[in-house]
Amino acid sequence: MQQSLLETLYDDSSSLMLDRETVGKILNIEDTTVYKLLRAGEIPGSVKVGGQWFVYKKGLRDFLEGKS
């Protein structure tokens, strides 16, 4: 059974990070917008590894909960 986006965001047992595509689905925004926000440093907990962007789940959770 596949996890919902909310479960994916709060489940740290399998991974502490999310890829750019999943972040876009959680925020309900287009991939190009996610990319622009990542490049501008607007999404907390984001890191670029090689050519790919990832976001720490805790950073995104804190941002969405108004803690950052």
# chains A, B, ... in the order shown; residues from 1 in each chain; ligands from 1
>>> residues_around(residues="region 56-60 of chain A", least_positions_apart="3", cutoff="6 Å", atoms="only C-alpha atoms", output="PyMOL selection string")
chain A and resi 9+16-17+44-45+63
>>> residues_around(residues="Thr33 (chain A)", least_positions_apart="3", cutoff="12 Å", atoms="only C-alpha atoms", output="VMD selection string")
chain A and resid 20 to 21 23 to 25 27 to 30 36 to 40 42 to 43
>>> write_last_selection(atoms="all heavy atoms", output="compact mmCIF listing (two decimals), in the first residue's frame")
# COMPACT_ATOMS: atom_id res chain seq x y z
N ARG A 20 12.62 16.61 -5.44
CA ARG A 20 11.94 17.81 -5.92
C ARG A 20 10.51 17.51 -6.38
O ARG A 20 9.58 18.29 -6.11
CB ARG A 20 12.75 18.41 -7.06
CG ARG A 20 12.25 19.75 -7.53
CD ARG A 20 13.17 20.33 -8.56
NE ARG A 20 12.90 19.70 -9.86
CZ ARG A 20 13.73 19.69 -10.87
NH1 ARG A 20 14.92 20.24 -10.77
NH2 ARG A 20 13.41 19.13 -12.00
N GLU A 21 10.32 16.39 -7.02
CA GLU A 21 8.99 16.02 -7.51
C GLU A 21 7.99 15.84 -6.36
O GLU A 21 6.86 16.33 -6.42
CB GLU A 21 9.08 14.74 -8.33
CG GLU A 21 7.76 14.28 -8.89
CD GLU A 21 7.91 12.98 -9.67
OE1 GLU A 21 8.48 13.02 -10.77
OE2 GLU A 21 7.45 11.94 -9.16
N VAL A 23 8.21 17.11 -3.33
CA VAL A 23 7.98 18.42 -2.70
C VAL A 23 6.91 19.18 -3.47
O VAL A 23 6.00 19.78 -2.89
CB VAL A 23 9.29 19.24 -2.61
CG1 VAL A 23 9.01 20.66 -2.16
CG2 VAL A 23 10.26 18.56 -1.67
N GLY A 24 6.98 19.14 -4.80
CA GLY A 24 5.97 19.80 -5.63
C GLY A 24 4.58 19.25 -5.40
O GLY A 24 3.60 20.01 -5.33
N LYS A 25 4.49 17.93 -5.25
CA LYS A 25 3.18 17.31 -4.99
C LYS A 25 2.65 17.73 -3.62
O LYS A 25 1.46 18.01 -3.47
CB LYS A 25 3.29 15.80 -5.08
CG LYS A 25 3.48 15.29 -6.49
CD LYS A 25 3.64 13.78 -6.51
CE LYS A 25 3.91 13.28 -7.91
NZ LYS A 25 4.16 11.82 -7.93
N LEU A 27 3.35 20.48 -1.94
CA LEU A 27 2.99 21.90 -1.96
C LEU A 27 1.94 22.22 -3.02
O LEU A 27 1.45 23.34 -3.08
CB LEU A 27 4.25 22.74 -2.20
CG LEU A 27 5.33 22.66 -1.14
CD1 LEU A 27 6.54 23.48 -1.55
CD2 LEU A 27 4.81 23.11 0.21
N ASN A 28 1.63 21.25 -3.87
CA ASN A 28 0.66 21.41 -4.94
C ASN A 28 1.05 22.54 -5.90
O ASN A 28 0.25 23.41 -6.21
CB ASN A 28 -0.75 21.62 -4.39
CG ASN A 28 -1.81 21.42 -5.45
OD1 ASN A 28 -1.62 20.65 -6.38
ND2 ASN A 28 -2.93 22.12 -5.30
N ILE A 29 2.33 22.51 -6.31
CA ILE A 29 2.82 23.49 -7.27
C ILE A 29 3.60 22.77 -8.36
O ILE A 29 4.08 21.65 -8.17
CB ILE A 29 3.71 24.57 -6.60
CG1 ILE A 29 4.88 23.95 -5.84
CG2 ILE A 29 2.88 25.46 -5.68
CD1 ILE A 29 5.83 24.96 -5.21
N GLU A 30 3.72 23.43 -9.50
CA GLU A 30 4.42 22.86 -10.65
C GLU A 30 5.91 22.67 -10.35
O GLU A 30 6.50 23.40 -9.57
CB GLU A 30 4.27 23.77 -11.86
CG GLU A 30 2.85 23.92 -12.35
CD GLU A 30 2.32 22.65 -12.99
OE1 GLU A 30 3.12 21.92 -13.63
OE2 GLU A 30 1.12 22.39 -12.85
N LYS A 36 12.43 26.95 -9.08
CA LYS A 36 12.70 28.38 -8.86
C LYS A 36 12.81 28.69 -7.37
O LYS A 36 13.68 29.43 -6.94
CB LYS A 36 11.62 29.24 -9.50
CG LYS A 36 11.67 29.27 -11.00
CD LYS A 36 10.53 30.07 -11.57
CE LYS A 36 10.47 29.96 -13.08
NZ LYS A 36 9.31 30.69 -13.64
N LEU A 37 11.90 28.13 -6.57
CA LEU A 37 11.92 28.36 -5.12
C LEU A 37 13.18 27.76 -4.49
O LEU A 37 13.77 28.37 -3.59
CB LEU A 37 10.67 27.79 -4.47
CG LEU A 37 9.36 28.50 -4.81
CD1 LEU A 37 8.17 27.71 -4.27
CD2 LEU A 37 9.36 29.92 -4.28
N LEU A 38 13.57 26.59 -4.94
CA LEU A 38 14.79 25.96 -4.42
C LEU A 38 16.01 26.80 -4.75
O LEU A 38 16.85 27.06 -3.89
CB LEU A 38 14.94 24.55 -4.99
CG LEU A 38 13.95 23.51 -4.48
CD1 LEU A 38 14.03 22.24 -5.33
CD2 LEU A 38 14.18 23.21 -3.02
N ARG A 39 16.12 27.24 -5.99
CA ARG A 39 17.27 28.06 -6.40
C ARG A 39 17.32 29.38 -5.64
O ARG A 39 18.40 29.89 -5.36
CB ARG A 39 17.21 28.33 -7.90
CG ARG A 39 17.62 27.14 -8.71
CD ARG A 39 17.78 27.40 -10.18
NE ARG A 39 18.09 28.78 -10.48
CZ ARG A 39 17.79 29.39 -11.62
NH1 ARG A 39 17.15 28.73 -12.55
NH2 ARG A 39 18.12 30.63 -11.84
N ALA A 40 16.15 29.92 -5.29
CA ALA A 40 16.08 31.19 -4.57
C ALA A 40 16.28 31.02 -3.07
O ALA A 40 16.35 32.00 -2.33
CB ALA A 40 14.75 31.88 -4.84
N GLU A 42 14.11 29.62 -0.99
CA GLU A 42 12.83 29.86 -0.33
C GLU A 42 12.26 28.64 0.40
O GLU A 42 11.33 28.78 1.19
CB GLU A 42 11.80 30.37 -1.34
CG GLU A 42 12.15 31.69 -1.97
CD GLU A 42 12.07 32.85 -1.01
OE1 GLU A 42 11.20 32.83 -0.12
OE2 GLU A 42 12.90 33.77 -1.13
N ILE A 43 12.79 27.48 0.12
CA ILE A 43 12.31 26.26 0.79
C ILE A 43 13.38 25.82 1.77
O ILE A 43 14.46 25.38 1.37
CB ILE A 43 11.98 25.15 -0.23
CG1 ILE A 43 10.88 25.61 -1.20
CG2 ILE A 43 11.56 23.88 0.50
CD1 ILE A 43 10.52 24.61 -2.27
>>> atom_distance(atom1="CA of Ile26 (chain A)", atom2="CA of Asp62 (chain A)")
13.7 Å
>>> select_by_dssp(residues="chain A", states="alpha helix (DSSP H)", output="PyMOL selection string")
chain A and resi 5-10+20-27+31-40+57-64
>>> write_last_selection(atoms="N, CA, C and O atoms", output="compact mmCIF listing (two decimals), in the first residue's frame")
# COMPACT_ATOMS: atom_id res chain seq x y z
N LEU A 5 0.73 11.56 0.75
CA LEU A 5 1.78 12.58 0.80
C LEU A 5 2.05 13.04 2.22
O LEU A 5 3.20 13.27 2.61
N LEU A 6 1.00 13.16 3.03
CA LEU A 6 1.17 13.56 4.42
C LEU A 6 1.95 12.51 5.20
O LEU A 6 2.86 12.84 5.96
N GLU A 7 1.64 11.25 4.97
CA GLU A 7 2.38 10.17 5.63
C GLU A 7 3.83 10.17 5.19
O GLU A 7 4.73 9.97 6.00
N THR A 8 4.07 10.41 3.91
CA THR A 8 5.43 10.46 3.39
C THR A 8 6.21 11.59 4.06
O THR A 8 7.37 11.41 4.44
N LEU A 9 5.58 12.74 4.23
CA LEU A 9 6.23 13.89 4.85
C LEU A 9 6.60 13.63 6.30
O LEU A 9 7.65 14.06 6.77
N TYR A 10 5.76 12.91 7.02
CA TYR A 10 5.99 12.70 8.46
C TYR A 10 6.65 11.37 8.81
O TYR A 10 6.97 11.14 9.97
N ARG A 20 12.62 16.61 -5.44
CA ARG A 20 11.94 17.81 -5.92
C ARG A 20 10.51 17.51 -6.38
O ARG A 20 9.58 18.29 -6.11
N GLU A 21 10.32 16.39 -7.02
CA GLU A 21 8.99 16.02 -7.51
C GLU A 21 7.99 15.84 -6.36
O GLU A 21 6.86 16.33 -6.42
N THR A 22 8.41 15.16 -5.32
CA THR A 22 7.54 14.93 -4.17
C THR A 22 7.23 16.23 -3.44
O THR A 22 6.09 16.45 -3.01
N VAL A 23 8.21 17.11 -3.33
CA VAL A 23 7.98 18.42 -2.70
C VAL A 23 6.91 19.18 -3.47
O VAL A 23 6.00 19.78 -2.89
N GLY A 24 6.98 19.14 -4.80
CA GLY A 24 5.97 19.80 -5.63
C GLY A 24 4.58 19.25 -5.40
O GLY A 24 3.60 20.01 -5.33
N LYS A 25 4.49 17.93 -5.25
CA LYS A 25 3.18 17.31 -4.99
C LYS A 25 2.65 17.73 -3.62
O LYS A 25 1.46 18.01 -3.47
N ILE A 26 3.52 17.77 -2.61
CA ILE A 26 3.09 18.15 -1.27
C ILE A 26 2.61 19.60 -1.24
O ILE A 26 1.58 19.93 -0.65
N LEU A 27 3.35 20.48 -1.94
CA LEU A 27 2.99 21.90 -1.96
C LEU A 27 1.94 22.22 -3.02
O LEU A 27 1.45 23.34 -3.08
N ASP A 31 6.51 21.71 -11.05
CA ASP A 31 7.92 21.40 -10.86
C ASP A 31 8.81 22.61 -11.16
O ASP A 31 9.79 22.84 -10.46
N THR A 32 8.47 23.39 -12.18
CA THR A 32 9.29 24.57 -12.50
C THR A 32 9.26 25.58 -11.37
O THR A 32 10.27 26.23 -11.09
N THR A 33 8.12 25.71 -10.71
CA THR A 33 8.01 26.63 -9.57
C THR A 33 8.82 26.13 -8.40
O THR A 33 9.50 26.91 -7.72
N VAL A 34 8.77 24.82 -8.15
CA VAL A 34 9.59 24.23 -7.08
C VAL A 34 11.06 24.53 -7.34
O VAL A 34 11.79 24.96 -6.45
N TYR A 35 11.48 24.32 -8.57
CA TYR A 35 12.87 24.56 -8.94
C TYR A 35 13.27 26.02 -8.69
O TYR A 35 14.33 26.29 -8.13
N LYS A 36 12.43 26.95 -9.08
CA LYS A 36 12.70 28.38 -8.86
C LYS A 36 12.81 28.69 -7.37
O LYS A 36 13.68 29.43 -6.94
N LEU A 37 11.90 28.13 -6.57
CA LEU A 37 11.92 28.36 -5.12
C LEU A 37 13.18 27.76 -4.49
O LEU A 37 13.77 28.37 -3.59
N LEU A 38 13.57 26.59 -4.94
CA LEU A 38 14.79 25.96 -4.42
C LEU A 38 16.01 26.80 -4.75
O LEU A 38 16.85 27.06 -3.89
N ARG A 39 16.12 27.24 -5.99
CA ARG A 39 17.27 28.06 -6.40
C ARG A 39 17.32 29.38 -5.64
O ARG A 39 18.40 29.89 -5.36
N ALA A 40 16.15 29.92 -5.29
CA ALA A 40 16.08 31.19 -4.57
C ALA A 40 16.28 31.02 -3.07
O ALA A 40 16.35 32.00 -2.33
N LYS A 57 12.96 16.54 5.22
CA LYS A 57 11.55 16.50 5.63
C LYS A 57 11.29 17.42 6.81
O LYS A 57 10.30 18.14 6.84
N LYS A 58 12.20 17.42 7.80
CA LYS A 58 11.99 18.25 8.99
C LYS A 58 11.95 19.73 8.62
O LYS A 58 11.12 20.47 9.13
N GLY A 59 12.82 20.16 7.72
CA GLY A 59 12.83 21.56 7.30
C GLY A 59 11.52 21.95 6.63
O GLY A 59 10.97 23.02 6.90
N LEU A 60 11.00 21.08 5.78
CA LEU A 60 9.74 21.35 5.10
C LEU A 60 8.58 21.32 6.09
O LEU A 60 7.69 22.18 6.04
N ARG A 61 8.60 20.37 7.01
CA ARG A 61 7.54 20.31 8.03
C ARG A 61 7.52 21.58 8.87
O ARG A 61 6.46 22.16 9.11
N ASP A 62 8.69 21.99 9.33
CA ASP A 62 8.78 23.21 10.15
C ASP A 62 8.27 24.41 9.39
O ASP A 62 7.56 25.26 9.92
N PHE A 63 8.64 24.52 8.11
CA PHE A 63 8.18 25.60 7.25
C PHE A 63 6.66 25.62 7.13
O PHE A 63 6.01 26.65 7.31
N LEU A 64 6.08 24.44 6.86
CA LEU A 64 4.63 24.35 6.69
C LEU A 64 3.87 24.58 7.99
O LEU A 64 2.74 25.06 7.98
>>> select_by_dssp(residues="chain A", states="strand (DSSP E)", output="ChimeraX atom specification")
/A:17-19,46-49,52-56
>>> atom_distance(atom1="CA of Asp11 (chain A)", atom2="CA of Val55 (chain A)")
14.0 Å
>>> atom_distance(atom1="CA of Ser13 (chain A)", atom2="CA of Gln52 (chain A)")
22.0 Å
